[in-house]
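Shown next: protein-v7.txt, given as compact mmCIF, C-alpha atoms and all ligand atoms.
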```
# COMPACT_ATOMS: atom_id res chain seq x y z
CA MET A 1 8.49 -5.51 31.45
CA SER A 2 5.12 -6.93 30.42
CA GLU A 3 3.31 -9.95 31.83
CA SER A 4 4.54 -12.12 29.00
CA ASP A 5 8.19 -11.24 29.76
CA SER A 6 8.10 -12.65 33.27
CA GLN A 7 7.41 -16.28 34.00
CA PRO A 8 6.93 -16.54 37.75
CA GLU A 9 6.69 -19.73 39.72
CA PRO A 10 3.07 -20.70 40.35
CA ALA A 11 1.68 -19.27 43.59
CA ALA A 12 1.99 -21.59 46.56
CA ASP A 13 -1.21 -23.56 47.16
CA ALA A 14 -0.74 -23.32 50.91
CA TYR A 15 -0.87 -19.54 50.79
CA LEU A 16 -3.91 -19.64 48.56
CA ASP A 17 -5.63 -21.80 51.15
CA SER A 18 -4.65 -19.29 53.83
CA ILE A 19 -6.21 -16.51 51.79
CA ARG A 20 -9.39 -18.49 51.19
CA THR A 21 -9.69 -19.07 54.94
CA HIS A 22 -8.91 -15.45 55.89
CA ALA A 23 -5.71 -16.30 57.78
CA TRP A 24 -5.17 -12.62 58.66
CA ARG A 25 -8.22 -12.59 60.92
CA HIS A 26 -6.48 -14.75 63.52
CA GLU A 27 -2.80 -14.27 62.60
CA ILE A 28 -2.76 -10.47 62.78
CA PRO A 29 -3.70 -8.94 66.13
CA ASP A 30 -6.05 -5.96 66.20
CA GLU A 31 -3.32 -3.69 67.51
CA ALA A 32 -1.12 -4.43 64.46
CA VAL A 33 -3.35 -2.44 62.14
CA PRO A 34 -3.57 1.28 62.76
CA TRP A 35 -6.60 3.48 63.37
CA ARG A 36 -8.72 0.59 64.51
CA ASP A 37 -10.92 2.75 66.70
CA THR A 38 -11.75 5.49 64.21
CA ALA A 39 -14.23 5.87 61.37
CA GLU A 40 -12.67 4.24 58.34
CA MET A 41 -13.11 3.69 54.64
CA ILE A 42 -11.65 0.20 54.90
CA LEU A 43 -12.53 -1.91 57.90
CA GLY A 44 -10.34 -3.77 60.37
CA ASN A 45 -10.29 -7.12 58.59
CA GLU A 46 -9.58 -5.45 55.24
CA ARG A 47 -6.64 -3.65 56.80
CA LYS A 48 -5.38 -6.95 58.25
CA MET A 49 -5.84 -8.57 54.82
CA LEU A 50 -3.67 -5.91 53.12
CA ARG A 51 -0.98 -6.25 55.74
CA TRP A 52 -1.04 -10.04 55.54
CA LEU A 53 -0.80 -10.07 51.74
CA ALA A 54 2.17 -7.70 51.81
CA THR A 55 3.97 -9.91 54.32
CA HIS A 56 3.07 -13.39 53.10
CA TRP A 57 2.01 -13.11 49.48
CA PHE A 58 4.33 -10.45 48.07
CA SER A 59 7.24 -12.28 46.47
CA GLY A 60 9.21 -9.45 44.91
CA LEU A 61 8.13 -10.23 41.36
CA GLY A 62 6.28 -6.98 40.92
CA SER A 63 5.00 -3.76 42.42
CA VAL A 64 2.13 -3.11 44.77
CA VAL A 65 -0.47 -0.60 43.55
CA ASP A 66 -2.67 1.25 46.03
CA ALA A 67 -5.19 2.89 43.71
CA GLY A 68 -7.16 5.35 45.83
CA CYS A 69 -5.00 5.71 48.95
CA PHE A 70 -6.88 8.63 50.54
CA ALA A 71 -5.30 9.48 53.92
CA GLY A 72 -2.89 6.56 53.71
CA ARG A 73 -4.57 3.84 55.73
CA SER A 74 -4.43 1.19 53.03
CA THR A 75 -0.89 2.31 52.19
CA VAL A 76 0.32 1.99 55.77
CA CYS A 77 -1.17 -1.50 56.05
CA LEU A 78 0.65 -2.55 52.88
CA ALA A 79 3.89 -0.87 53.98
CA THR A 80 3.92 -2.39 57.46
CA GLY A 81 3.34 -5.76 55.84
CA LEU A 82 6.28 -5.25 53.50
CA ARG A 83 8.55 -4.28 56.41
CA ASP A 84 7.89 -7.77 57.85
CA ASN A 85 8.63 -9.48 54.55
CA ALA A 86 12.25 -10.59 54.05
CA ARG A 87 11.68 -10.83 50.27
CA ALA A 88 10.92 -7.11 50.13
CA LYS A 89 14.26 -6.11 51.65
CA ASP A 90 16.30 -6.63 48.50
CA CYS A 91 13.67 -5.33 46.08
CA ALA A 92 14.20 -2.10 44.21
CA LYS A 93 12.33 0.70 45.98
CA PRO A 94 9.75 2.13 45.88
CA ILE A 95 7.53 -0.95 45.88
CA ILE A 96 4.15 0.66 46.59
CA HIS A 97 2.66 3.06 44.06
CA ALA A 98 -0.03 5.14 45.78
CA TYR A 99 -2.52 7.06 43.65
CA ASP A 100 -4.92 9.78 44.70
CA LEU A 101 -6.23 13.20 43.75
CA PHE A 102 -5.49 14.32 47.33
CA ARG A 103 -8.32 16.87 47.04
CA VAL A 104 -10.74 17.15 49.95
CA PRO A 105 -14.10 15.87 48.67
CA ARG A 106 -17.48 17.25 49.67
CA ASP A 107 -18.76 14.26 51.61
CA ALA A 108 -18.97 14.63 55.35
CA PHE A 109 -17.52 11.19 56.07
CA SER A 110 -14.23 11.92 54.27
CA ARG A 111 -14.02 15.36 55.85
CA ASP A 112 -14.51 13.92 59.34
CA ILE A 113 -11.56 11.62 58.81
CA LEU A 114 -9.36 14.37 57.39
CA GLY A 115 -10.17 16.96 60.04
CA SER A 116 -11.80 20.35 59.91
CA GLU A 117 -8.63 22.27 59.02
CA PHE A 118 -8.89 21.07 55.41
CA PRO A 119 -11.59 22.87 53.40
CA VAL A 120 -13.31 21.21 50.45
CA GLY A 121 -11.07 21.32 47.40
CA SER A 122 -7.82 21.85 49.34
CA SER A 123 -4.99 19.33 49.26
CA PHE A 124 -4.92 16.64 51.94
CA ARG A 125 -1.60 15.26 50.73
CA PRO A 126 0.07 16.44 53.99
CA VAL A 127 -2.22 14.03 55.89
CA PHE A 128 -1.06 11.16 53.67
CA GLU A 129 2.59 12.15 53.99
CA ARG A 130 2.40 12.35 57.76
CA ALA A 131 0.69 8.98 58.02
CA THR A 132 3.21 7.24 55.76
CA GLU A 133 6.36 9.10 56.83
CA ALA A 134 8.03 6.05 58.37
CA TYR A 135 7.65 4.14 55.10
CA SER A 136 8.49 6.86 52.59
CA ASP A 137 11.34 4.76 51.11
CA LEU A 138 8.74 2.16 50.08
CA ILE A 139 6.20 4.50 48.51
CA ALA A 140 5.93 6.46 45.27
CA ILE A 141 3.15 9.04 45.42
CA HIS A 142 1.22 9.68 42.21
CA GLU A 143 -0.91 12.74 42.73
CA GLY A 144 -3.70 13.69 40.33
CA ASP A 145 -6.45 12.09 38.31
CA LEU A 146 -5.72 8.41 37.91
CA LYS A 147 -7.41 8.47 34.50
CA ALA A 148 -4.52 10.57 33.22
CA LYS A 149 -1.78 8.37 34.71
CA ARG A 150 0.33 5.91 32.73
CA TRP A 151 1.73 2.82 34.46
CA ASN A 152 5.51 2.44 34.26
CA GLY A 153 5.26 -0.95 32.53
CA SER A 154 6.70 -3.13 35.29
CA PRO A 155 4.81 -6.20 36.61
CA ILE A 156 2.18 -5.64 39.30
CA GLU A 157 1.84 -8.23 42.01
CA ILE A 158 -0.83 -6.74 44.27
CA LEU A 159 -3.43 -4.41 42.80
CA PHE A 160 -5.66 -2.80 45.40
CA VAL A 161 -8.49 -0.95 43.67
CA ASP A 162 -10.37 1.51 45.85
CA VAL A 163 -10.86 4.16 43.22
CA ALA A 164 -13.18 2.59 40.64
CA LYS A 165 -16.01 4.99 41.37
CA CYS A 166 -17.23 5.35 37.76
CA TRP A 167 -17.04 3.64 34.37
CA LEU A 168 -14.15 5.81 33.19
CA THR A 169 -11.80 5.20 36.09
CA ASN A 170 -12.67 1.52 36.10
CA GLN A 171 -11.88 1.31 32.39
CA HIS A 172 -8.56 3.08 32.82
CA ILE A 173 -7.50 0.65 35.54
CA ILE A 174 -8.30 -2.26 33.25
CA SER A 175 -6.55 -0.92 30.19
CA GLU A 176 -3.54 0.62 31.93
CA PHE A 177 -2.81 -1.64 34.93
CA PHE A 178 -4.33 -5.06 34.19
CA PRO A 179 -1.93 -5.77 31.29
CA HIS A 180 0.91 -5.86 33.82
CA LEU A 181 -0.61 -8.41 36.17
CA ILE A 182 1.33 -11.66 36.52
CA SER A 183 -0.64 -14.80 35.85
CA GLY A 184 -0.52 -17.24 38.75
CA GLN A 185 0.75 -14.54 41.08
CA SER A 186 -1.14 -11.26 40.94
CA ILE A 187 -3.94 -10.61 43.36
CA ILE A 188 -6.59 -8.04 42.50
CA ILE A 189 -8.54 -6.65 45.40
CA GLN A 190 -11.74 -4.97 44.27
CA GLN A 191 -12.62 -2.91 47.32
CA ASP A 192 -15.97 -1.81 45.90
CA TYR A 193 -17.21 -5.17 44.68
CA ASN A 194 -19.49 -5.79 47.64
CA THR A 195 -21.49 -2.62 47.18
CA PRO A 196 -24.49 -2.42 44.88
CA TYR A 197 -23.78 0.95 43.19
CA VAL A 198 -20.88 -0.11 41.03
CA PRO A 199 -22.22 -2.11 38.07
CA TRP A 200 -19.06 -1.22 36.10
CA VAL A 201 -16.96 -3.25 38.55
CA HIS A 202 -19.38 -6.20 38.42
CA VAL A 203 -19.64 -6.12 34.63
CA ALA A 204 -15.86 -5.87 34.19
CA MET A 205 -14.95 -8.64 36.59
CA GLU A 206 -17.48 -10.97 35.00
CA PHE A 207 -16.31 -10.02 31.52
CA LEU A 208 -12.81 -11.13 32.57
CA ALA A 209 -13.96 -14.00 34.81
CA GLU A 210 -12.36 -16.81 32.85
CA TYR A 211 -8.93 -15.30 33.57
CA MET A 212 -9.48 -15.00 37.31
CA ALA A 213 -10.08 -17.26 40.27
CA PHE A 214 -12.18 -15.86 43.08
CA LEU A 215 -10.33 -16.24 46.38
CA CYS A 216 -12.48 -14.76 49.12
CA ASP A 217 -14.52 -11.86 50.42
CA GLU A 218 -13.29 -9.52 53.10
CA ASP A 219 -15.77 -6.85 54.15
CA GLY A 220 -16.34 -4.66 51.08
CA SER A 221 -13.61 -6.37 49.10
CA LYS A 222 -13.49 -9.38 46.82
CA LEU A 223 -10.09 -10.91 46.12
CA PHE A 224 -9.18 -12.52 42.81
CA LEU A 225 -6.08 -14.30 41.51
CA LEU A 226 -5.12 -13.80 37.88
CA THR A 227 -4.87 -17.36 36.57
CA LYS A 228 -3.91 -16.78 32.93
CA PRO A 229 -2.92 -13.84 30.76
CA ILE A 230 -5.82 -11.74 29.53
CA PRO A 231 -5.78 -11.13 25.77
CA ALA A 232 -4.82 -7.51 25.07
CA GLU A 233 -7.89 -6.87 22.91
CA LEU A 234 -10.19 -7.64 25.86
CA LEU A 235 -8.39 -5.16 28.08
CA LYS A 236 -8.75 -2.46 25.45
CA ARG A 237 -12.47 -3.02 24.97
CA ASN A 238 -14.48 -0.06 26.28
CA LEU A 239 -16.96 -1.95 28.42
CA ARG A 240 -19.34 0.92 28.73
CA THR A 241 -19.70 1.81 25.07
CA GLU A 242 -18.60 -1.28 23.16
CA ILE A 243 -20.82 -3.85 24.77
CA LYS A 244 -24.59 -3.58 24.63
CA THR A 245 -26.87 -3.33 27.65
CA ASP A 246 -28.17 -6.87 27.04
CA HIS A 247 -24.66 -8.24 27.13
CA LYS A 248 -23.91 -6.35 30.36
CA ILE A 249 -27.11 -7.71 31.90
CA ALA A 250 -26.17 -11.23 30.80
CA LEU A 251 -22.79 -10.80 32.52
CA LEU A 252 -24.49 -9.65 35.72
CA ASP A 253 -26.92 -12.57 35.54
CA ARG A 254 -23.99 -14.94 35.24
CA ALA A 255 -22.38 -13.37 38.31
CA ILE A 256 -25.67 -13.58 40.24
CA ALA A 257 -25.94 -17.27 39.37
CA LYS A 258 -22.48 -18.15 40.63
CA TRP A 259 -22.12 -16.12 43.85
CA ASP A 260 -23.26 -16.95 47.35
CA PRO A 261 -26.67 -15.43 48.22
CA GLN A 262 -25.27 -12.25 49.76
CA SER A 263 -23.00 -11.38 46.84
CA ALA A 264 -25.71 -12.45 44.41
CA ALA A 265 -28.12 -10.02 46.07
CA CYS A 266 -25.52 -7.26 45.82
CA VAL A 267 -25.01 -7.85 42.09
CA ALA A 268 -28.77 -8.16 41.55
CA ALA A 269 -29.27 -4.71 43.09
CA SER A 270 -26.41 -3.49 40.90
CA LYS A 271 -28.31 -4.81 37.89
CA ALA A 272 -31.17 -2.41 38.70
CA MET A 273 -28.55 0.33 38.95
CA LEU A 274 -27.21 -0.57 35.52
CA VAL A 275 -30.71 -0.57 34.01
CA PHE A 276 -31.34 2.84 35.59
CA MET A 277 -28.10 4.23 34.17
CA GLU A 278 -28.59 2.78 30.71
CA GLN A 279 -32.37 2.84 30.25
CA GLY A 280 -33.87 5.29 32.73
CA MET A 281 -35.53 5.71 36.08
CA GLN A 282 -38.82 3.87 35.47
CA GLU A 283 -36.99 0.91 33.96
CA GLY A 284 -34.53 0.78 36.87
CA LEU A 285 -37.28 0.94 39.48
CA ALA A 286 -39.42 -1.59 37.58
CA CYS A 287 -36.78 -4.28 37.80
CA LEU A 288 -36.01 -3.71 41.51
CA GLU A 289 -39.00 -5.43 43.05
CA PRO A 290 -38.95 -8.74 41.15
CA LEU A 291 -35.21 -8.92 41.74
CA GLN A 292 -35.60 -8.27 45.43
CA ASP A 293 -38.30 -10.95 45.76
CA GLY A 294 -35.73 -13.54 44.74
CA PHE A 295 -33.59 -12.72 47.80
CA ALA A 296 -36.28 -12.59 50.47
CA GLY A 297 -34.37 -14.70 53.02
CA VAL A 298 -30.96 -13.05 52.54
CA PRO A 299 -30.18 -10.72 55.47
CA ALA A 300 -28.16 -8.07 53.59
CA ALA A 301 -30.41 -8.02 50.54
CA ALA A 302 -33.06 -5.61 51.81
CA GLY A 303 -30.36 -3.01 52.52
CA TYR A 304 -28.83 -3.35 49.04
CA PHE A 305 -32.17 -2.91 47.30
CA ARG A 306 -33.24 -0.07 49.59
CA ASP A 307 -29.97 1.77 48.91
CA VAL A 308 -30.26 1.33 45.16
CA ARG A 309 -33.89 2.48 45.20
CA SER A 310 -33.01 5.64 47.10
CA MET A 311 -30.05 6.31 44.80
CA ILE A 312 -32.29 5.99 41.75
CA GLU A 313 -34.99 8.19 43.28
CA PHE A 314 -32.41 10.79 44.28
CA TRP A 315 -30.54 10.94 40.98
CA LYS A 316 -33.47 10.35 38.60
CA VAL A 317 -31.16 10.54 35.60
CA GLY A 318 -28.38 7.95 35.43
CA ALA A 319 -25.98 10.38 33.81
CA ASP A 320 -26.35 12.72 36.80
CA LEU A 321 -25.20 9.98 39.11
CA GLU A 322 -22.27 9.16 36.86
CA ASN A 323 -21.26 12.83 36.64
CA ASP A 324 -21.39 13.13 40.38
CA MET A 325 -19.35 9.97 40.89
CA THR A 326 -16.79 11.26 38.42
CA GLU A 327 -16.60 14.76 39.80
CA LYS A 328 -17.20 14.03 43.45
CA PHE A 329 -13.55 14.11 44.32
CA GLU A 330 -12.53 16.67 41.74
CA ARG A 331 -14.70 19.67 42.48
CA GLU A 332 -13.04 22.65 43.99
CA THR A 333 -16.06 23.88 45.94
CA GLY A 334 -18.77 22.21 47.97
C1 LIG A 401 -12.67 5.24 49.33
S1 LIG A 401 -11.33 6.34 49.23
C2 LIG A 401 -9.92 5.33 49.48
C3 LIG A 401 -9.74 4.87 50.91
C4 LIG A 401 -8.36 4.35 51.22
N1 LIG A 401 -7.99 3.21 50.39
C5 LIG A 401 -8.22 4.01 52.69
O1 LIG A 401 -7.63 2.98 52.99
O2 LIG A 401 -8.69 4.77 53.53
C6 LIG A 401 -11.28 6.66 47.51
C7 LIG A 401 -10.16 7.59 47.11
O3 LIG A 401 -10.13 7.63 45.68
C8 LIG A 401 -9.68 8.91 45.29
N2 LIG A 401 -10.11 9.16 43.92
C9 LIG A 401 -11.37 9.17 43.43
N3 LIG A 401 -11.36 9.40 42.09
C10 LIG A 401 -10.05 9.52 41.75
C11 LIG A 401 -9.38 9.75 40.52
N4 LIG A 401 -10.06 9.91 39.38
N5 LIG A 401 -8.03 9.78 40.51
C12 LIG A 401 -7.34 9.63 41.67
N6 LIG A 401 -7.91 9.39 42.86
C13 LIG A 401 -9.25 9.35 42.90
C14 LIG A 401 -10.34 9.86 46.29
O4 LIG A 401 -9.63 11.07 46.38
C15 LIG A 401 -10.33 9.03 47.56
O5 LIG A 401 -9.26 9.40 48.40
```
So, in terms of structure tokens, how does the structure I just supplied come out?
Ligand SMILES: C[S@@+](CC[C@H](N)C(=O)[O-])C[C@H]1O[C@@H](n2cnc3c(N)ncnc32)[C@H](O)[C@@H]1O
Amino acid sequence: MSESDSQPEPAADAYLDSIRTHAWRHEIPDEAVPWRDTAEMILGNERKMLRWLATHWFSGLGSVVDAGCFAGRSTVCLATGLRDNARAKDCAKPIIHAYDLFRVPRDAFSRDILGSEFPVGSSFRPVFERATEAYSDLIAIHEGDLKAKRWNGSPIEILFVDVAKCWLTNQHIISEFFPHLISGQSIIIQQDYNTPYVPWVHVAMEFLAEYMAFLCDEDGSKLFLLTKPIPAELLKRNLRTEIKTDHKIALLDRAIAKWDPQSAACVAASKAMLVFMEQGMQEGLACLEPLQDGFAGVPAAAGYFRDVRSMIEFWKVGADLENDMTEKFERETG
């Protein structure tokens, strides 16, 4: 069923207010979200947010997509939330669709979480299955490259995106999953929005901004509500190749102008990243300093600009960075 086939009731204003005021931070105790003492890809308040949304926001109108589930932490938070939600009891199962390559990547942080028994390139799906065992009735596992996956066509109510690590994956999420969001009901959680290396996320969300309402930030994530159906032709537009650099920069400038200083600084640093990727190293570095000067009093800004500078100096060629982001999780050897 497509978005246009379902006409849900408008989302309750009271719950929207709860989301805007981060209700999960005080309603969900620390001990209710697992792995709180270990190194994590998503932090404590993000885990509480996922659990809270699954309990209080999920209405049964659509599925929950966990795009980039890794070892299952986001999935478990969503599943425990659904267990506490009476509306989920009568829903057809599975409700959660969890996507991942399940291939051990090269980076030390991921490998620390997975444990030393899993060499680079091997499957870590057993770790996910163990972690989510108690909720297996709720979860469909989709193993493999998300860019090759087709969505089943049913409505999507909660879309958690923690996999948009390059233009291509980001584009596939937009063209394959966004058409099935429910206006007035679907929440999109962009887990990478609050990092400065992902201009594709910032460009895309601004390109679609008139169809979304920003709800809140939670750690790395920004939450959006789909407010009206997005025209199909916009979702099919290849944002990397079919819109010019100037247009992308204009979108980023619009985002910078509307966000709070911290998010604005993040997107400003991302603008230098975009210029690096599209125009080259000197151009990317040249726009960093004037951008940074505009955020002198913003505490997080220096870190964003420092990180982007070192990324540019390390990669030197934007395409190298993109290739690495694309292949990072797919290489068989370290
Ligand atoms: C930041 S981690 C996700 C963390 C997870 N949400 C959690 O709660 O711990 C990103 C995940 O995306 C997966 N990934 C990256 N590119 C992918 C692709 N093209 N297709 C499927 N999964 C991909 C990686 O394998 C990795 O597990």
So how far away is CA of Lys222 in chain A from CA of Arg111 in chain A, in Å?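 CA of Lys222 in chain A lies 26.3 Å from CA of Arg111 in chain A.
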Could you give me, as a ChimeraX atom specification, the residues within 10 Å of Gln282 in chain A, counting only C-alpha atoms and dropping anything in the same chain fewer than 5 positions from it? /A:275-276,287,312-313,316
Keeping C-alpha atoms, export the residues of the selection given above as a compact mmCIF listing (two decimals), keeping the file's coordinate frame.
```txt
# COMPACT_ATOMS: atom_id res chain seq x y z
CA VAL A 275 -30.71 -0.57 34.01
CA PHE A 276 -31.34 2.84 35.59
CA CYS A 287 -36.78 -4.28 37.80
CA ILE A 312 -32.29 5.99 41.75
CA GLU A 313 -34.99 8.19 43.28
CA LYS A 316 -33.47 10.35 38.60
```
CA of Arg87 in chain A and atom N1 of ligand LIG 401 (chain A) are how many Å apart?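 Those two atoms sit 24.2 Å apart.
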Among listed residues A:Ile141, A:Ala296, A:Ala88, A:Met325, nearest ligand LIG 401 (chain A) (using only C-alpha atoms and all ligand atoms): A:Met325
So that I can check the surroundings of range 146-155 of chain A, please list as a VMD selection string every protein, DNA and RNA residue that reaches within 9 Å of it, counting all atoms listed in the file and ignoring chain neighbours fewer than 6 positions away. chain A and resid 1 to 3 6 61 to 63 67 to 68 99 to 101 163 168 to 173 176 to 177 179 to 182 186
How would the residues just picked look written out with C-alpha atoms as a tab-separated table (two decimals), in the coordinates of the input?
```tsv
chain	number	residue	atom	x	y	z
A	1	MET	CA	8.49	-5.51	31.45
A	2	SER	CA	5.12	-6.93	30.42
A	3	GLU	CA	3.31	-9.95	31.83
A	6	SER	CA	8.10	-12.65	33.27
A	61	LEU	CA	8.13	-10.23	41.36
A	62	GLY	CA	6.28	-6.98	40.92
A	63	SER	CA	5.00	-3.76	42.42
A	67	ALA	CA	-5.19	2.89	43.71
A	68	GLY	CA	-7.16	5.35	45.83
A	99	TYR	CA	-2.52	7.06	43.65
A	100	ASP	CA	-4.92	9.78	44.70
A	101	LEU	CA	-6.23	13.20	43.75
A	163	VAL	CA	-10.86	4.16	43.22
A	168	LEU	CA	-14.15	5.81	33.19
A	169	THR	CA	-11.80	5.20	36.09
A	170	ASN	CA	-12.67	1.52	36.10
A	171	GLN	CA	-11.88	1.31	32.39
A	172	HIS	CA	-8.56	3.08	32.82
A	173	ILE	CA	-7.50	0.65	35.54
A	176	GLU	CA	-3.54	0.62	31.93
A	177	PHE	CA	-2.81	-1.64	34.93
A	179	PRO	CA	-1.93	-5.77	31.29
A	180	HIS	CA	0.91	-5.86	33.82
A	181	LEU	CA	-0.61	-8.41	36.17
A	182	ILE	CA	1.33	-11.66	36.52
A	186	SER	CA	-1.14	-11.26	40.94
```
Contact residues around Trp52 in chain A with only C-alpha atoms at 10 Å, ignoring same-chain residues under 2 positions, as a PyMOL selection string: chain A and resi 19+22-25+27-28+46-50+54-58+77-78+80-82+84-85
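Proximal residues of ligand LIG 401 (chain A) are Glu40, Met41, Ile42, Gly68, Cys69, Phe70, Ala71, Gly72, Arg73, Ser74, Thr75, Tyr99, Asp100, Leu101, Phe102, Arg103, Pro105, Gly144, Asp145, Leu146, Lys147, Asp162, Val163, Lys165, Thr169, Thr326 and Phe329 of chain A, by a cut-off of 7 Å on all atoms listed in the file.
The residue that comes closest to Glu283 in chain A, out of A:Pro126, A:Gly318, A:Ala213, A:Tyr304 and on the basis of all atoms listed in the file, is A:Gly318.
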So what do you get for CA of Met273 in chain A versus CA of Tyr197 in chain A, distance-wise?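 That distance, rounded to one decimal, is 6.4 Å.
With only C-alpha atoms as the atoms that count, the minimum distance from Thr227 in chain A to the choices A:Ser136, A:Gln191, A:Ser183, A:Ser270 is reached by A:Ser183.
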For range 297-309 of chain A, what centre and edge lengths in Å (one decimal) does the axis-aligned box get once 4 Å is added on each side of all its listed atoms, as JSON?
```
{"center_x": -31.3, "center_y": -6.1, "center_z": 50.3, "size_x": 14.2, "size_y": 25.2, "size_z": 18.3}
```
Residues at most 9 Å from Ser263 in chain A, counting only C-alpha atoms, excluding those fewer than 5 positions away in the same chain, as a ChimeraX atom specification? /A:193-195,255-256,268,301
Shortest interatomic distance to Ile249 in chain A - which of A:Cys91, A:Val33, A:Val203, A:Leu215, counting all atoms listed in the file: A:Val203
As a ChimeraX atom specification, please: the residues near Leu251 in chain A (cut-off 12 Å, all atoms listed in the file, same-chain neighbours under 2 positions excluded). /A:199-209,239,243-249,253-258,267-268,270-271,274
Best match for closeness to Asp219 in chain A among A:Asp112, A:Asp90, A:Asp13, A:Asp192, counting all atoms listed in the file: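 Ranked by minimum distance to Asp219 in chain A, first place goes to A:Asp192.
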Complete range 139-159 of chain A at the level of N, CA and C atoms, written as a compact mmCIF listing (two decimals), keeping the file's coordinate frame.
```txt
# COMPACT_ATOMS: atom_id res chain seq x y z
N ILE A 139 7.42 3.98 49.18
CA ILE A 139 6.20 4.50 48.51
C ILE A 139 6.51 5.55 47.46
N ALA A 140 5.93 5.39 46.28
CA ALA A 140 5.93 6.46 45.27
C ALA A 140 4.53 7.06 45.27
N ILE A 141 4.46 8.38 45.40
CA ILE A 141 3.15 9.04 45.42
C ILE A 141 2.84 9.55 44.02
N HIS A 142 1.65 9.21 43.53
CA HIS A 142 1.22 9.68 42.21
C HIS A 142 -0.02 10.54 42.42
N GLU A 143 0.20 11.83 42.45
CA GLU A 143 -0.91 12.74 42.73
C GLU A 143 -1.61 13.15 41.44
N GLY A 144 -2.94 13.21 41.50
CA GLY A 144 -3.70 13.69 40.33
C GLY A 144 -4.70 12.64 39.88
N ASP A 145 -5.39 12.97 38.81
CA ASP A 145 -6.45 12.09 38.31
C ASP A 145 -5.85 10.81 37.76
N LEU A 146 -6.25 9.71 38.34
CA LEU A 146 -5.72 8.41 37.91
C LEU A 146 -5.97 8.15 36.42
N LYS A 147 -7.06 8.71 35.91
CA LYS A 147 -7.41 8.47 34.50
C LYS A 147 -6.37 9.04 33.55
N ALA A 148 -5.55 9.96 34.08
CA ALA A 148 -4.52 10.57 33.22
C ALA A 148 -3.15 9.93 33.46
N LYS A 149 -3.09 8.95 34.34
CA LYS A 149 -1.78 8.37 34.71
C LYS A 149 -1.44 7.18 33.83
N ARG A 150 -0.17 7.08 33.46
CA ARG A 150 0.33 5.91 32.73
C ARG A 150 1.11 5.04 33.70
N TRP A 151 0.94 3.72 33.62
CA TRP A 151 1.73 2.82 34.46
C TRP A 151 3.13 2.70 33.87
N ASN A 152 4.12 2.44 34.72
CA ASN A 152 5.51 2.44 34.26
C ASN A 152 5.90 1.17 33.49
N GLY A 153 4.99 0.22 33.37
CA GLY A 153 5.26 -0.95 32.53
C GLY A 153 5.84 -2.15 33.27
N SER A 154 6.15 -1.99 34.54
CA SER A 154 6.70 -3.13 35.29
C SER A 154 5.56 -4.04 35.77
N PRO A 155 5.88 -5.30 36.14
CA PRO A 155 4.81 -6.20 36.61
C PRO A 155 4.18 -5.69 37.92
N ILE A 156 2.92 -6.02 38.09
CA ILE A 156 2.18 -5.64 39.30
C ILE A 156 1.75 -6.91 40.01
N GLU A 157 2.12 -7.00 41.28
CA GLU A 157 1.84 -8.23 42.01
C GLU A 157 0.58 -8.13 42.87
N ILE A 158 0.38 -6.97 43.47
CA ILE A 158 -0.83 -6.74 44.27
C ILE A 158 -1.47 -5.46 43.76
N LEU A 159 -2.72 -5.58 43.33
CA LEU A 159 -3.43 -4.41 42.80
C LEU A 159 -4.66 -4.17 43.68
```
